[in-house]
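Read the structure below first, then the notes.
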Amino acid sequence: MIRLYKSGRNPNKTGSYFKYAFGEIILVVAGILIALQINNWNESRIRSNEELELLKSMLAELVSDQSDIAYNTTVIDKSIYNGKLLIDMIQRDLPYTDSVDIYLGRLFSPVKFRHSTSAFETLKSKGIELISNSALRSQIIDNYDAGYNFFLENETVQLEEFERATREIFCNRFEAGYVFDLNAPDYNPTLTPLNFEELKSDQAFKYFLKTYVNRLRVMLLFHYQSNLQPGVNDLIEQIQNEIDKKD
């Protein structure tokens, strides 16, 4: 008897179907993985570009801060020098000359650290982890959160002491404070005493004078030259090195 109908599946066709389906799955999975890899690469590139631009902005601000530090240290050094000249005149009981006005004016010409933290604030808003170099990241945090804040706290004390003096000491010992020639390169500050002979024996003034000069020396030698200035200089160097690697 001839068999007209054959039941069941062809095992060869079934195997081919599974191979085809498996191949399709592999292609889909591979496509997803490639897409994820491309997306991760794009995100990494974007963050890397953001980091580079932020580092460049921070570098520009720090260079500006560096210039202000250099200017302030020069002014403070001159203030200390003129203060010593004035103290010497008083101790030697020398007579009044016009130089006294100049010594006093240059001594009592306070400066304020003009700086910028815009790039650092931007970094904090984006996440400090944007800086990929962990050592540099720590150095940036230390410079702004520790170095700058410590300096500014002490600078505030110094400036407040000066303002106290203008209210309580200068007012009845000098003709006027904050006398400047704004057209002159160094503004030619002057402070004219009402009676220099009385100043030479005025214990309250002499105490303030010597203490103020001592405060200036601490501000210059410790706060500026031993802490703030080297910290900024080193951070500039490290950021520039990091930029050179990434550019």
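Ligands are numbered from 1 in the order shown, chains are lettered A, B, ... in the order of the structure tokens, and residues start at 1 in each chain.
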Could I get the residues of segment 41-130 of chain A with an atom no further than 9 Å from an atom of segment 145-162 of chain A, each paired with its nearest atom pair and that distance in Å to one decimal, using only C-alpha atoms, sorted by chain and residue number, as a Markdown table?
```
| residue | atom | partner | partner_atom | distance |
| --- | --- | --- | --- | --- |
| A:Phe108 | CA | A:Phe162 | CA | 7.9 |
| A:Pro110 | CA | A:Leu159 | CA | 7.1 |
| A:Val111 | CA | A:Leu159 | CA | 8.4 |
| A:Lys112 | CA | A:Glu155 | CA | 7.5 |
| A:Phe113 | CA | A:Leu152 | CA | 7.9 |
```
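Closest approach to Arg106 of chain A among A:Asp65, A:Glu168, A:Asp77, A:Asp142: A:Asp77, based on only C-alpha atoms.
Interatomic distance, atom CA of Leu191 of chain A against atom CA of Asp88 of chain A: 17.4 Å.
For the atom pair formed by atom CA of Ile128 of chain A and atom CA of Ile141 of chain A, the distance is 8.7 Å, given to one decimal.
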Show which residues sit within 8 Å of Tyr103 of chain A, as a ChimeraX atom specification. Count only C-alpha atoms, and ignore same-chain residues fewer than 4 positions away. /A:82-83,85-86,99,107,190
Once you have the residues from the selection above, write them out as a JSON list (two decimals), in the first residue's frame, restricted to N, CA and C atoms.
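As a result, part_4.json now contains:
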```json
[["chain", "number", "residue", "atom", "x", "y", "z"],
["A", 82, "ASN", "N", 56.81, 101.82, 55.19],
["A", 82, "ASN", "CA", 56.49, 103.19, 55.62],
["A", 82, "ASN", "C", 56.12, 103.23, 57.10],
["A", 83, "GLY", "N", 55.51, 102.17, 57.58],
["A", 83, "GLY", "CA", 55.21, 102.09, 59.01],
["A", 83, "GLY", "C", 56.48, 102.08, 59.84],
["A", 85, "LEU", "N", 59.35, 103.36, 58.95],
["A", 85, "LEU", "CA", 59.93, 104.70, 58.89],
["A", 85, "LEU", "C", 59.26, 105.63, 59.90],
["A", 86, "LEU", "N", 57.96, 105.52, 60.02],
["A", 86, "LEU", "CA", 57.22, 106.37, 60.94],
["A", 86, "LEU", "C", 57.57, 106.03, 62.39],
["A", 99, "SER", "N", 56.95, 114.37, 54.92],
["A", 99, "SER", "CA", 57.09, 112.93, 54.72],
["A", 99, "SER", "C", 56.19, 112.14, 55.67],
["A", 107, "LEU", "N", 51.00, 103.74, 54.82],
["A", 107, "LEU", "CA", 50.80, 102.70, 55.83],
["A", 107, "LEU", "C", 49.33, 102.31, 55.93],
["A", 190, "THR", "N", 47.58, 110.20, 51.55],
["A", 190, "THR", "CA", 48.20, 110.98, 52.63],
["A", 190, "THR", "C", 47.27, 110.99, 53.85]]
```
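Between atom CA of Gln139 of chain A and atom CA of Asp244 of chain A the separation is 17.7 Å.
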Which residues are near Ser57 of chain A? Cut-off 12 Å, only C-alpha atoms, ignore same chain within fewer than 3 positions. Put them as an NGL selection string. :A and (50-54 or 60-64 or 116-123 or 236 or 239-240 or 243)
Please run DSSP on the backbone and report, as an MDAnalysis selection string, all residues within segment 123-179 of chain A that come out as alpha helix (DSSP H). chainID A and resid 123:126 134:141 149:168
Take the residues that were just selected and, keeping N, CA and C atoms, output them as a short mmCIF file (atom, residue, chain, number, x, y, z; two decimals), in the first residue's frame.
```cif
data_model
loop_
_atom_site.label_atom_id
_atom_site.label_comp_id
_atom_site.auth_asym_id
_atom_site.auth_seq_id
_atom_site.Cartn_x
_atom_site.Cartn_y
_atom_site.Cartn_z
N LEU A 123 31.44 74.11 39.18
CA LEU A 123 31.89 72.73 39.39
C LEU A 123 31.03 72.06 40.46
N LYS A 124 30.78 72.75 41.55
CA LYS A 124 29.97 72.17 42.62
C LYS A 124 28.55 71.88 42.16
N SER A 125 28.01 72.75 41.30
CA SER A 125 26.65 72.53 40.82
C SER A 125 26.57 71.34 39.86
N LYS A 126 27.64 71.11 39.10
CA LYS A 126 27.68 69.99 38.15
C LYS A 126 28.09 68.69 38.83
N SER A 134 41.64 62.55 40.55
CA SER A 134 41.26 62.63 41.96
C SER A 134 42.19 63.53 42.77
N ALA A 135 43.50 63.50 42.46
CA ALA A 135 44.46 64.34 43.18
C ALA A 135 44.18 65.81 42.90
N LEU A 136 43.91 66.14 41.65
CA LEU A 136 43.59 67.52 41.28
C LEU A 136 42.28 67.94 41.91
N ARG A 137 41.32 67.04 41.92
CA ARG A 137 40.02 67.32 42.54
C ARG A 137 40.18 67.71 44.00
N SER A 138 40.99 66.96 44.72
CA SER A 138 41.23 67.26 46.13
C SER A 138 41.94 68.59 46.31
N GLN A 139 42.87 68.88 45.41
CA GLN A 139 43.63 70.13 45.50
C GLN A 139 42.73 71.34 45.24
N ILE A 140 41.81 71.22 44.30
CA ILE A 140 40.86 72.30 44.01
C ILE A 140 39.98 72.57 45.23
N ILE A 141 39.45 71.51 45.83
CA ILE A 141 38.61 71.66 47.01
C ILE A 141 39.39 72.32 48.14
N ASN A 149 38.97 80.37 52.16
CA ASN A 149 38.13 80.71 53.31
C ASN A 149 38.97 81.10 54.53
N PHE A 150 40.05 80.37 54.77
CA PHE A 150 40.93 80.70 55.89
C PHE A 150 41.54 82.07 55.70
N PHE A 151 42.00 82.36 54.49
CA PHE A 151 42.60 83.66 54.23
C PHE A 151 41.58 84.78 54.40
N LEU A 152 40.40 84.61 53.83
CA LEU A 152 39.39 85.67 53.86
C LEU A 152 38.91 85.96 55.27
N GLU A 153 38.84 84.95 56.11
CA GLU A 153 38.45 85.17 57.51
C GLU A 153 39.46 86.08 58.21
N ASN A 154 40.74 85.84 57.98
CA ASN A 154 41.77 86.67 58.60
C ASN A 154 41.86 88.05 57.96
N GLU A 155 41.62 88.12 56.67
CA GLU A 155 41.61 89.42 56.01
C GLU A 155 40.48 90.28 56.55
N THR A 156 39.34 89.68 56.80
CA THR A 156 38.20 90.41 57.34
C THR A 156 38.54 91.02 58.70
N VAL A 157 39.22 90.25 59.54
CA VAL A 157 39.64 90.76 60.85
C VAL A 157 40.54 91.98 60.68
N GLN A 158 41.47 91.88 59.75
CA GLN A 158 42.41 92.97 59.48
C GLN A 158 41.69 94.22 59.01
N LEU A 159 40.77 94.08 58.09
CA LEU A 159 40.04 95.22 57.55
C LEU A 159 39.10 95.83 58.59
N GLU A 160 38.50 94.99 59.40
CA GLU A 160 37.62 95.50 60.46
C GLU A 160 38.42 96.30 61.49
N GLU A 161 39.63 95.87 61.77
CA GLU A 161 40.48 96.60 62.69
C GLU A 161 40.84 97.97 62.13
N PHE A 162 41.08 98.02 60.84
CA PHE A 162 41.37 99.30 60.21
C PHE A 162 40.16 100.23 60.28
N GLU A 163 38.98 99.69 59.99
CA GLU A 163 37.77 100.51 60.04
C GLU A 163 37.50 100.99 61.47
N ARG A 164 37.78 100.16 62.45
CA ARG A 164 37.62 100.58 63.85
C ARG A 164 38.54 101.76 64.14
N ALA A 165 39.76 101.70 63.61
CA ALA A 165 40.72 102.78 63.84
C ALA A 165 40.24 104.10 63.23
N THR A 166 39.64 104.03 62.05
CA THR A 166 39.16 105.26 61.42
C THR A 166 38.06 105.91 62.27
N ARG A 167 37.30 105.08 62.97
CA ARG A 167 36.22 105.63 63.80
C ARG A 167 36.70 106.10 65.16
N GLU A 168 37.63 105.35 65.76
CA GLU A 168 37.97 105.59 67.16
C GLU A 168 39.33 106.24 67.38
#
```
How close does segment 32-125 of chain A get to segment 214-218 of chain A? List, as a tab-separated table, each residue of segment 32-125 of chain A within 9 Å, its nearest atom pair and the distance in Å to one decimal, counting only C-alpha atoms.
```
residue	atom	partner	partner_atom	distance
A:Ile76	CA	A:Leu216	CA	6.7
A:Asp77	CA	A:Arg217	CA	8.1
A:Ser79	CA	A:Leu216	CA	8.0
A:Ile80	CA	A:Leu216	CA	6.6
```
File dump, residues just selected, N, CA and C atoms, as a JSON list (two decimals), in the first residue's frame:
```
[["chain", "number", "residue", "atom", "x", "y", "z"],
["A", 76, "ILE", "N", 51.25, 95.87, 50.49],
["A", 76, "ILE", "CA", 51.43, 95.61, 51.92],
["A", 76, "ILE", "C", 52.89, 95.75, 52.32],
["A", 77, "ASP", "N", 53.79, 95.29, 51.47],
["A", 77, "ASP", "CA", 55.22, 95.42, 51.75],
["A", 77, "ASP", "C", 55.60, 96.90, 51.87],
["A", 79, "SER", "N", 53.53, 99.30, 52.70],
["A", 79, "SER", "CA", 52.89, 99.80, 53.92],
["A", 79, "SER", "C", 53.75, 99.51, 55.14],
["A", 80, "ILE", "N", 54.27, 98.29, 55.21],
["A", 80, "ILE", "CA", 55.13, 97.91, 56.34],
["A", 80, "ILE", "C", 56.39, 98.78, 56.37]]
```
Which residues in segment 172-206 of chain A does DSSP call strand (DSSP E or B)? List them as JSON, numbers by chain. {"A": [174, 179, 190, 193]}
Convert the current residue selection to file output with N, CA and C atoms, as a PDB file, in the first residue's frame.
```
ATOM      1  N   PHE A 174      43.762 113.138  63.277  1.00  0.00           N
ATOM      2  CA  PHE A 174      44.144 113.486  61.901  1.00  0.00           C
ATOM      3  C   PHE A 174      43.088 114.392  61.264  1.00  0.00           C
ATOM      4  N   VAL A 179      42.413 110.093  52.041  1.00  0.00           N
ATOM      5  CA  VAL A 179      42.793 111.189  51.155  1.00  0.00           C
ATOM      6  C   VAL A 179      43.659 110.613  50.042  1.00  0.00           C
ATOM      7  N   THR A 190      47.584 110.198  51.554  1.00  0.00           N
ATOM      8  CA  THR A 190      48.195 110.984  52.629  1.00  0.00           C
ATOM      9  C   THR A 190      47.275 110.990  53.846  1.00  0.00           C
ATOM     10  N   PRO A 193      48.487 114.530  60.356  1.00  0.00           N
ATOM     11  CA  PRO A 193      48.179 114.604  61.790  1.00  0.00           C
ATOM     12  C   PRO A 193      47.825 116.022  62.211  1.00  0.00           C
TER      13      PRO A 193
END
```
For segment 204-206 of chain A, work out the shell of residues within 9 Å, counting only C-alpha atoms and skipping chain neighbours fewer than 5 positions away, then give it as number ranges by chain. A: 87, 90, 169-170, 173, 199, 211
